[in-house]
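*Asks:* Structure supplied as target.cif; contents: mmCIF, N, CA and C atoms.
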```cif
data_protein
loop_
_atom_site.label_atom_id
_atom_site.label_comp_id
_atom_site.auth_asym_id
_atom_site.auth_seq_id
_atom_site.Cartn_x
_atom_site.Cartn_y
_atom_site.Cartn_z
N MET E 1 101.98 111.24 71.13
CA MET E 1 101.44 112.15 72.13
C MET E 1 102.18 113.48 72.00
N THR E 2 101.41 114.56 72.01
CA THR E 2 102.02 115.88 71.85
C THR E 2 102.39 116.47 73.21
N CYS E 3 103.40 117.33 73.18
CA CYS E 3 103.86 117.94 74.42
C CYS E 3 102.79 118.84 75.05
N GLY E 4 102.00 119.49 74.24
CA GLY E 4 100.96 120.37 74.76
C GLY E 4 99.94 119.62 75.59
N LYS E 5 99.58 118.43 75.14
CA LYS E 5 98.60 117.62 75.86
C LYS E 5 99.18 117.09 77.17
N ASN E 6 100.48 116.94 77.22
CA ASN E 6 101.12 116.35 78.38
C ASN E 6 101.08 117.22 79.62
N GLU E 7 100.99 118.52 79.46
CA GLU E 7 101.01 119.41 80.63
C GLU E 7 99.90 119.05 81.61
N ALA E 8 98.70 118.88 81.10
CA ALA E 8 97.58 118.49 81.97
C ALA E 8 97.77 117.07 82.49
N LEU E 9 98.30 116.19 81.65
CA LEU E 9 98.50 114.80 82.08
C LEU E 9 99.57 114.70 83.16
N ILE E 10 100.58 115.53 83.09
CA ILE E 10 101.65 115.50 84.09
C ILE E 10 101.09 115.81 85.47
N LYS E 11 100.26 116.82 85.55
CA LYS E 11 99.66 117.19 86.84
C LYS E 11 98.82 116.04 87.38
N ARG E 12 98.04 115.43 86.50
CA ARG E 12 97.20 114.30 86.93
C ARG E 12 98.06 113.08 87.27
N TYR E 13 99.17 112.90 86.56
CA TYR E 13 100.08 111.78 86.85
C TYR E 13 100.66 111.92 88.26
N ILE E 14 101.10 113.10 88.59
CA ILE E 14 101.68 113.35 89.91
C ILE E 14 100.68 113.02 91.02
N ASN E 15 99.41 113.32 90.77
CA ASN E 15 98.36 113.08 91.76
C ASN E 15 97.68 111.71 91.60
N ASN E 16 98.29 110.83 90.80
CA ASN E 16 97.77 109.47 90.59
C ASN E 16 96.33 109.46 90.09
N GLN E 17 96.04 110.30 89.11
CA GLN E 17 94.69 110.41 88.59
C GLN E 17 94.57 109.98 87.13
N LEU E 18 95.56 109.24 86.64
CA LEU E 18 95.52 108.79 85.24
C LEU E 18 95.15 107.33 85.15
N ALA E 19 94.47 107.00 84.06
CA ALA E 19 94.23 105.60 83.74
C ALA E 19 95.56 104.97 83.33
N ILE E 20 95.65 103.67 83.47
CA ILE E 20 96.91 102.97 83.19
C ILE E 20 97.36 103.17 81.74
N GLU E 21 96.42 103.26 80.82
CA GLU E 21 96.77 103.49 79.42
C GLU E 21 97.42 104.87 79.23
N GLU E 22 96.90 105.86 79.95
CA GLU E 22 97.47 107.20 79.88
C GLU E 22 98.86 107.22 80.50
N VAL E 23 99.03 106.49 81.59
CA VAL E 23 100.35 106.40 82.23
C VAL E 23 101.35 105.79 81.26
N ALA E 24 100.95 104.72 80.58
CA ALA E 24 101.84 104.05 79.63
C ALA E 24 102.26 105.01 78.52
N ALA E 25 101.31 105.75 77.97
CA ALA E 25 101.63 106.70 76.90
C ALA E 25 102.54 107.81 77.41
N LEU E 26 102.28 108.29 78.60
CA LEU E 26 103.08 109.36 79.17
C LEU E 26 104.52 108.89 79.44
N LEU E 27 104.67 107.70 79.99
CA LEU E 27 106.01 107.16 80.25
C LEU E 27 106.79 107.00 78.96
N LYS E 28 106.11 106.53 77.92
CA LYS E 28 106.77 106.36 76.62
C LYS E 28 107.22 107.73 76.10
N HIS E 29 106.38 108.72 76.28
CA HIS E 29 106.73 110.07 75.82
C HIS E 29 107.92 110.63 76.61
N PHE E 30 107.95 110.39 77.91
CA PHE E 30 109.06 110.87 78.74
C PHE E 30 110.40 110.32 78.27
N GLU E 31 110.40 109.10 77.73
CA GLU E 31 111.65 108.49 77.27
C GLU E 31 112.28 109.27 76.12
N SER E 32 111.43 109.90 75.32
CA SER E 32 111.96 110.59 74.14
C SER E 32 111.90 112.12 74.22
N CYS E 33 111.30 112.66 75.28
CA CYS E 33 111.13 114.11 75.36
C CYS E 33 111.72 114.66 76.66
N LYS E 34 112.87 115.25 76.53
CA LYS E 34 113.55 115.82 77.69
C LYS E 34 112.77 116.99 78.28
N ASP E 35 112.13 117.77 77.42
CA ASP E 35 111.38 118.93 77.90
C ASP E 35 110.22 118.52 78.81
N CYS E 36 109.48 117.50 78.41
CA CYS E 36 108.36 117.05 79.24
C CYS E 36 108.85 116.41 80.53
N ARG E 37 109.99 115.76 80.45
CA ARG E 37 110.58 115.17 81.67
C ARG E 37 110.94 116.29 82.65
N GLU E 38 111.47 117.38 82.14
CA GLU E 38 111.79 118.53 82.98
C GLU E 38 110.50 119.16 83.54
N GLU E 39 109.45 119.19 82.73
CA GLU E 39 108.16 119.70 83.21
C GLU E 39 107.66 118.85 84.37
N LEU E 40 107.83 117.54 84.26
CA LEU E 40 107.44 116.64 85.34
C LEU E 40 108.18 117.01 86.62
N GLU E 41 109.47 117.23 86.52
CA GLU E 41 110.26 117.59 87.70
C GLU E 41 109.78 118.90 88.31
N ILE E 42 109.51 119.88 87.46
CA ILE E 42 109.05 121.19 87.93
C ILE E 42 107.71 121.06 88.65
N TYR E 43 106.75 120.40 87.99
CA TYR E 43 105.43 120.24 88.60
C TYR E 43 105.50 119.43 89.89
N TYR E 44 106.35 118.41 89.90
CA TYR E 44 106.48 117.59 91.10
C TYR E 44 107.02 118.41 92.27
N ILE E 45 108.04 119.20 92.00
CA ILE E 45 108.62 120.04 93.05
C ILE E 45 107.61 121.07 93.53
N LEU E 46 106.86 121.66 92.60
CA LEU E 46 105.83 122.62 92.99
C LEU E 46 104.74 121.95 93.82
N GLU E 47 104.35 120.76 93.43
CA GLU E 47 103.28 120.05 94.13
C GLU E 47 103.71 119.62 95.53
N TYR E 48 104.90 119.04 95.64
CA TYR E 48 105.34 118.48 96.91
C TYR E 48 106.29 119.38 97.70
N GLY E 49 107.00 120.22 97.00
CA GLY E 49 107.95 121.10 97.69
C GLY E 49 107.30 122.28 98.36
N LEU E 50 106.20 122.75 97.78
CA LEU E 50 105.53 123.93 98.32
C LEU E 50 104.25 123.60 99.08
N SER E 51 104.04 122.31 99.31
CA SER E 51 102.83 121.92 100.03
C SER E 51 103.19 121.15 101.29
N ASP E 52 102.19 120.83 102.04
CA ASP E 52 102.39 120.04 103.26
C ASP E 52 102.66 118.59 102.95
N LYS E 53 102.46 118.17 101.70
CA LYS E 53 102.67 116.77 101.33
C LYS E 53 104.13 116.36 101.52
N SER E 54 105.04 117.32 101.38
CA SER E 54 106.46 116.99 101.53
C SER E 54 106.79 116.63 102.98
N GLU E 55 105.99 117.11 103.92
CA GLU E 55 106.22 116.80 105.32
C GLU E 55 105.97 115.32 105.61
N GLU E 56 105.08 114.71 104.83
CA GLU E 56 104.75 113.31 105.04
C GLU E 56 105.97 112.41 104.82
N SER E 57 106.74 112.72 103.81
CA SER E 57 107.86 111.84 103.46
C SER E 57 109.15 112.25 104.15
N LYS E 58 109.22 113.48 104.62
CA LYS E 58 110.41 114.02 105.29
C LYS E 58 111.66 113.95 104.41
N SER E 59 111.47 113.80 103.12
CA SER E 59 112.59 113.74 102.20
C SER E 59 112.42 114.85 101.16
N TYR E 60 113.49 115.56 100.93
CA TYR E 60 113.44 116.62 99.93
C TYR E 60 114.27 116.25 98.70
N ASN E 61 114.58 114.98 98.56
CA ASN E 61 115.29 114.51 97.39
C ASN E 61 114.25 114.24 96.30
N PHE E 62 113.77 115.33 95.69
CA PHE E 62 112.68 115.23 94.74
C PHE E 62 113.07 114.44 93.50
N LYS E 63 114.30 114.58 93.06
CA LYS E 63 114.74 113.85 91.88
C LYS E 63 114.62 112.34 92.11
N GLN E 64 115.02 111.89 93.30
CA GLN E 64 114.92 110.47 93.63
C GLN E 64 113.46 110.04 93.76
N GLN E 65 112.63 110.90 94.34
CA GLN E 65 111.20 110.59 94.46
C GLN E 65 110.56 110.45 93.08
N ILE E 66 110.95 111.32 92.16
CA ILE E 66 110.42 111.25 90.80
C ILE E 66 110.86 109.95 90.14
N GLU E 67 112.13 109.61 90.26
CA GLU E 67 112.65 108.37 89.68
C GLU E 67 111.92 107.16 90.28
N ASP E 68 111.69 107.18 91.58
CA ASP E 68 110.97 106.09 92.23
C ASP E 68 109.54 105.97 91.69
N LYS E 69 108.90 107.12 91.53
CA LYS E 69 107.53 107.13 91.01
C LYS E 69 107.50 106.62 89.58
N LEU E 70 108.44 107.04 88.76
CA LEU E 70 108.51 106.57 87.37
C LEU E 70 108.77 105.07 87.31
N ARG E 71 109.67 104.60 88.15
CA ARG E 71 110.00 103.17 88.18
C ARG E 71 108.78 102.35 88.62
N ALA E 72 108.08 102.81 89.64
CA ALA E 72 106.88 102.11 90.11
C ALA E 72 105.79 102.13 89.03
N SER E 73 105.66 103.24 88.35
CA SER E 73 104.66 103.34 87.27
C SER E 73 105.00 102.39 86.14
N LYS E 74 106.28 102.30 85.81
CA LYS E 74 106.70 101.41 84.73
C LYS E 74 106.40 99.96 85.10
N LYS E 75 106.64 99.58 86.35
CA LYS E 75 106.33 98.22 86.80
C LYS E 75 104.83 97.96 86.73
N ARG E 76 104.05 98.95 87.12
CA ARG E 76 102.59 98.82 87.09
C ARG E 76 102.09 98.64 85.65
N VAL E 77 102.66 99.40 84.73
CA VAL E 77 102.27 99.30 83.32
C VAL E 77 102.67 97.93 82.77
N GLU E 78 103.88 97.48 83.09
CA GLU E 78 104.33 96.16 82.62
C GLU E 78 103.43 95.05 83.15
N ALA E 79 103.05 95.13 84.40
CA ALA E 79 102.16 94.13 84.99
C ALA E 79 100.79 94.16 84.31
N TYR E 80 100.31 95.35 84.03
CA TYR E 80 99.02 95.50 83.35
C TYR E 80 99.07 94.89 81.95
N LEU E 81 100.16 95.15 81.23
CA LEU E 81 100.30 94.61 79.88
C LEU E 81 100.39 93.09 79.90
N LYS E 82 101.11 92.53 80.87
CA LYS E 82 101.19 91.08 81.00
C LYS E 82 99.82 90.50 81.32
N TYR E 83 99.11 91.13 82.23
CA TYR E 83 97.77 90.69 82.59
C TYR E 83 96.86 90.68 81.37
N ASN E 84 96.91 91.76 80.58
CA ASN E 84 96.07 91.84 79.39
C ASN E 84 96.42 90.75 78.38
N LYS E 85 97.70 90.46 78.25
CA LYS E 85 98.13 89.42 77.31
C LYS E 85 97.59 88.06 77.76
N VAL E 86 97.70 87.75 79.03
CA VAL E 86 97.19 86.49 79.57
C VAL E 86 95.67 86.44 79.43
N ARG E 87 95.00 87.54 79.73
CA ARG E 87 93.54 87.60 79.63
C ARG E 87 93.08 87.36 78.20
N ARG E 88 93.75 88.00 77.24
CA ARG E 88 93.40 87.79 75.83
C ARG E 88 93.61 86.33 75.43
N THR E 89 94.68 85.72 75.91
CA THR E 89 94.96 84.32 75.60
C THR E 89 93.84 83.43 76.13
N PHE E 90 93.41 83.66 77.37
CA PHE E 90 92.33 82.87 77.94
C PHE E 90 91.02 83.08 77.19
N ILE E 91 90.76 84.28 76.75
CA ILE E 91 89.55 84.55 75.98
C ILE E 91 89.58 83.79 74.66
N ILE E 92 90.72 83.79 74.00
CA ILE E 92 90.86 83.05 72.74
C ILE E 92 90.65 81.55 72.99
N ILE E 93 91.27 81.02 74.05
CA ILE E 93 91.11 79.60 74.37
C ILE E 93 89.65 79.28 74.67
N ALA E 94 89.00 80.13 75.45
CA ALA E 94 87.59 79.91 75.79
C ALA E 94 86.72 79.92 74.53
N ASN E 95 87.00 80.83 73.62
CA ASN E 95 86.24 80.88 72.37
C ASN E 95 86.49 79.64 71.52
N LEU E 96 87.72 79.18 71.46
CA LEU E 96 88.02 77.96 70.70
C LEU E 96 87.32 76.75 71.30
N VAL E 97 87.34 76.64 72.64
CA VAL E 97 86.66 75.53 73.30
C VAL E 97 85.16 75.58 72.99
N THR E 98 84.58 76.76 73.02
CA THR E 98 83.16 76.92 72.71
C THR E 98 82.86 76.48 71.28
N ILE E 99 83.70 76.89 70.36
CA ILE E 99 83.51 76.51 68.95
C ILE E 99 83.62 75.00 68.79
N PHE E 100 84.64 74.38 69.40
CA PHE E 100 84.81 72.93 69.30
C PHE E 100 83.63 72.19 69.93
N CYS E 101 83.13 72.69 71.05
CA CYS E 101 81.96 72.07 71.68
C CYS E 101 80.74 72.17 70.77
N MET E 102 80.55 73.30 70.15
CA MET E 102 79.42 73.48 69.25
C MET E 102 79.56 72.57 68.04
N LEU E 103 80.76 72.46 67.50
CA LEU E 103 80.99 71.56 66.36
C LEU E 103 80.76 70.11 66.76
N TYR E 104 81.18 69.75 67.95
CA TYR E 104 81.00 68.36 68.44
C TYR E 104 79.52 68.05 68.58
N MET E 105 78.75 69.02 69.03
CA MET E 105 77.31 68.80 69.20
C MET E 105 76.62 68.66 67.84
N LEU E 106 77.17 69.26 66.82
CA LEU E 106 76.58 69.17 65.48
C LEU E 106 76.86 67.82 64.83
N ILE E 107 77.93 67.17 65.24
CA ILE E 107 78.33 65.91 64.62
C ILE E 107 77.53 64.79 65.11
#
```
Take the structure from the file and write it as structure tokens.
*Replies:*
Amino acid sequence: MTCGKNEALIKRYINNQLAIEEVAALLKHFESCKDCREELEIYYILEYGLSDKSEESKSYNFKQQIEDKLRASKKRVEAYLKYNKVRRTFIIIANLVTIFCMLYMLI
């Protein structure tokens, strides 16, 4: 993922408007790109620090809010990946059962 593409994604991430796959890619990029991580902090502060949204939480510890959001997103991505792995396993099992049933009917 390129840094240029991330600028638009960061704004959408802050507003919870990304698909889970985009969130996963963005989180992975944040791990290796300090500049984009700083962009996230800047956009987050601009979004919540200069708007009425900050009044809802009554907390101005934006760094902690960002860390909390990143941690929650990471948990959401991990849960999604586990779900997909289990779903794929069940699909494979269902296909194998179907094949065995079809073979049994042929015998």
*Asks:* Atom C of Ala72 of chain E and atom C of Ile10 of chain E are how many Å apart?
*Replies:*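 A separation of 14.9 Å between them.
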*Asks:* Looking only at the backbone, which of the residues in segment 3-51 of chain E does DSSP tag as helix (DSSP H, G or I), as a ChimeraX atom specification?
*Replies:* /E:3-14,20-32,34-49
*Asks:* Quick one, how far is atom N of Leu40 of chain E from atom N of Ala8 of chain E?
*Replies:*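 Rounded to one decimal, the two atoms are 9.8 Å apart.
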*Asks:* If I take atom C of Tyr83 of chain E and atom C of Gly4 of chain E, how far is one from the other in Å, to one decimal?
*Replies:*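 Between these atoms lies a distance of 29.7 Å.
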*Asks:* Near Leu27 of chain E, counting only C-alpha atoms, which residues have an atom at most 12 Å away, once you skip same-chain residues fewer than 5 positions from it, shown as a ChimeraX atom specification?
*Replies:* /E:1,6,9-10,13,18,20-22,32-34,36-37,40,67,69-78
*Asks:* Restrict the selected residues to N, CA and C atoms and save them as a PDB file, in the frame of the given file.
*Replies:*
```pdb
ATOM      1  N   MET E   1     101.980 111.240  71.130  1.00  0.00           N
ATOM      2  CA  MET E   1     101.440 112.150  72.130  1.00  0.00           C
ATOM      3  C   MET E   1     102.180 113.480  72.000  1.00  0.00           C
ATOM      4  N   ASN E   6     100.480 116.940  77.220  1.00  0.00           N
ATOM      5  CA  ASN E   6     101.120 116.350  78.380  1.00  0.00           C
ATOM      6  C   ASN E   6     101.080 117.220  79.620  1.00  0.00           C
ATOM      7  N   LEU E   9      98.300 116.190  81.650  1.00  0.00           N
ATOM      8  CA  LEU E   9      98.500 114.800  82.080  1.00  0.00           C
ATOM      9  C   LEU E   9      99.570 114.700  83.160  1.00  0.00           C
ATOM     10  N   ILE E  10     100.580 115.530  83.090  1.00  0.00           N
ATOM     11  CA  ILE E  10     101.650 115.500  84.090  1.00  0.00           C
ATOM     12  C   ILE E  10     101.090 115.810  85.470  1.00  0.00           C
ATOM     13  N   TYR E  13      99.170 112.900  86.560  1.00  0.00           N
ATOM     14  CA  TYR E  13     100.080 111.780  86.850  1.00  0.00           C
ATOM     15  C   TYR E  13     100.660 111.920  88.260  1.00  0.00           C
ATOM     16  N   LEU E  18      95.560 109.240  86.640  1.00  0.00           N
ATOM     17  CA  LEU E  18      95.520 108.790  85.240  1.00  0.00           C
ATOM     18  C   LEU E  18      95.150 107.330  85.150  1.00  0.00           C
ATOM     19  N   ILE E  20      95.650 103.670  83.470  1.00  0.00           N
ATOM     20  CA  ILE E  20      96.910 102.970  83.190  1.00  0.00           C
ATOM     21  C   ILE E  20      97.360 103.170  81.740  1.00  0.00           C
ATOM     22  N   GLU E  21      96.420 103.260  80.820  1.00  0.00           N
ATOM     23  CA  GLU E  21      96.770 103.490  79.420  1.00  0.00           C
ATOM     24  C   GLU E  21      97.420 104.870  79.230  1.00  0.00           C
ATOM     25  N   GLU E  22      96.900 105.860  79.950  1.00  0.00           N
ATOM     26  CA  GLU E  22      97.470 107.200  79.880  1.00  0.00           C
ATOM     27  C   GLU E  22      98.860 107.220  80.500  1.00  0.00           C
ATOM     28  N   SER E  32     111.430 109.900  75.320  1.00  0.00           N
ATOM     29  CA  SER E  32     111.960 110.590  74.140  1.00  0.00           C
ATOM     30  C   SER E  32     111.900 112.120  74.220  1.00  0.00           C
ATOM     31  N   CYS E  33     111.300 112.660  75.280  1.00  0.00           N
ATOM     32  CA  CYS E  33     111.130 114.110  75.360  1.00  0.00           C
ATOM     33  C   CYS E  33     111.720 114.660  76.660  1.00  0.00           C
ATOM     34  N   LYS E  34     112.870 115.250  76.530  1.00  0.00           N
ATOM     35  CA  LYS E  34     113.550 115.820  77.690  1.00  0.00           C
ATOM     36  C   LYS E  34     112.770 116.990  78.280  1.00  0.00           C
ATOM     37  N   CYS E  36     109.480 117.500  78.410  1.00  0.00           N
ATOM     38  CA  CYS E  36     108.360 117.050  79.240  1.00  0.00           C
ATOM     39  C   CYS E  36     108.850 116.410  80.530  1.00  0.00           C
ATOM     40  N   ARG E  37     109.990 115.760  80.450  1.00  0.00           N
ATOM     41  CA  ARG E  37     110.580 115.170  81.670  1.00  0.00           C
ATOM     42  C   ARG E  37     110.940 116.290  82.650  1.00  0.00           C
ATOM     43  N   LEU E  40     107.830 117.540  84.260  1.00  0.00           N
ATOM     44  CA  LEU E  40     107.440 116.640  85.340  1.00  0.00           C
ATOM     45  C   LEU E  40     108.180 117.010  86.620  1.00  0.00           C
ATOM     46  N   GLU E  67     112.130 109.610  90.260  1.00  0.00           N
ATOM     47  CA  GLU E  67     112.650 108.370  89.680  1.00  0.00           C
ATOM     48  C   GLU E  67     111.920 107.160  90.280  1.00  0.00           C
ATOM     49  N   LYS E  69     108.900 107.120  91.530  1.00  0.00           N
ATOM     50  CA  LYS E  69     107.530 107.130  91.010  1.00  0.00           C
ATOM     51  C   LYS E  69     107.500 106.620  89.580  1.00  0.00           C
ATOM     52  N   LEU E  70     108.440 107.040  88.760  1.00  0.00           N
ATOM     53  CA  LEU E  70     108.510 106.570  87.370  1.00  0.00           C
ATOM     54  C   LEU E  70     108.770 105.070  87.310  1.00  0.00           C
ATOM     55  N   ARG E  71     109.670 104.600  88.150  1.00  0.00           N
ATOM     56  CA  ARG E  71     110.000 103.170  88.180  1.00  0.00           C
ATOM     57  C   ARG E  71     108.780 102.350  88.620  1.00  0.00           C
ATOM     58  N   ALA E  72     108.080 102.810  89.640  1.00  0.00           N
ATOM     59  CA  ALA E  72     106.880 102.110  90.110  1.00  0.00           C
ATOM     60  C   ALA E  72     105.790 102.130  89.030  1.00  0.00           C
ATOM     61  N   SER E  73     105.660 103.240  88.350  1.00  0.00           N
ATOM     62  CA  SER E  73     104.660 103.340  87.270  1.00  0.00           C
ATOM     63  C   SER E  73     105.000 102.390  86.140  1.00  0.00           C
ATOM     64  N   LYS E  74     106.280 102.300  85.810  1.00  0.00           N
ATOM     65  CA  LYS E  74     106.700 101.410  84.730  1.00  0.00           C
ATOM     66  C   LYS E  74     106.400  99.960  85.100  1.00  0.00           C
ATOM     67  N   LYS E  75     106.640  99.580  86.350  1.00  0.00           N
ATOM     68  CA  LYS E  75     106.330  98.220  86.800  1.00  0.00           C
ATOM     69  C   LYS E  75     104.830  97.960  86.730  1.00  0.00           C
ATOM     70  N   ARG E  76     104.050  98.950  87.120  1.00  0.00           N
ATOM     71  CA  ARG E  76     102.590  98.820  87.090  1.00  0.00           C
ATOM     72  C   ARG E  76     102.090  98.640  85.650  1.00  0.00           C
ATOM     73  N   VAL E  77     102.660  99.400  84.730  1.00  0.00           N
ATOM     74  CA  VAL E  77     102.270  99.300  83.320  1.00  0.00           C
ATOM     75  C   VAL E  77     102.670  97.930  82.770  1.00  0.00           C
ATOM     76  N   GLU E  78     103.880  97.480  83.090  1.00  0.00           N
ATOM     77  CA  GLU E  78     104.330  96.160  82.620  1.00  0.00           C
ATOM     78  C   GLU E  78     103.430  95.050  83.150  1.00  0.00           C
TER      79      GLU E  78
END
```
*Asks:* Using only N, CA and C atoms, which of the listed residues (E:Val23, E:Ile45, E:Val97, E:Cys3) sits closest to Phe62 of chain E?
*Replies:* E:Ile45
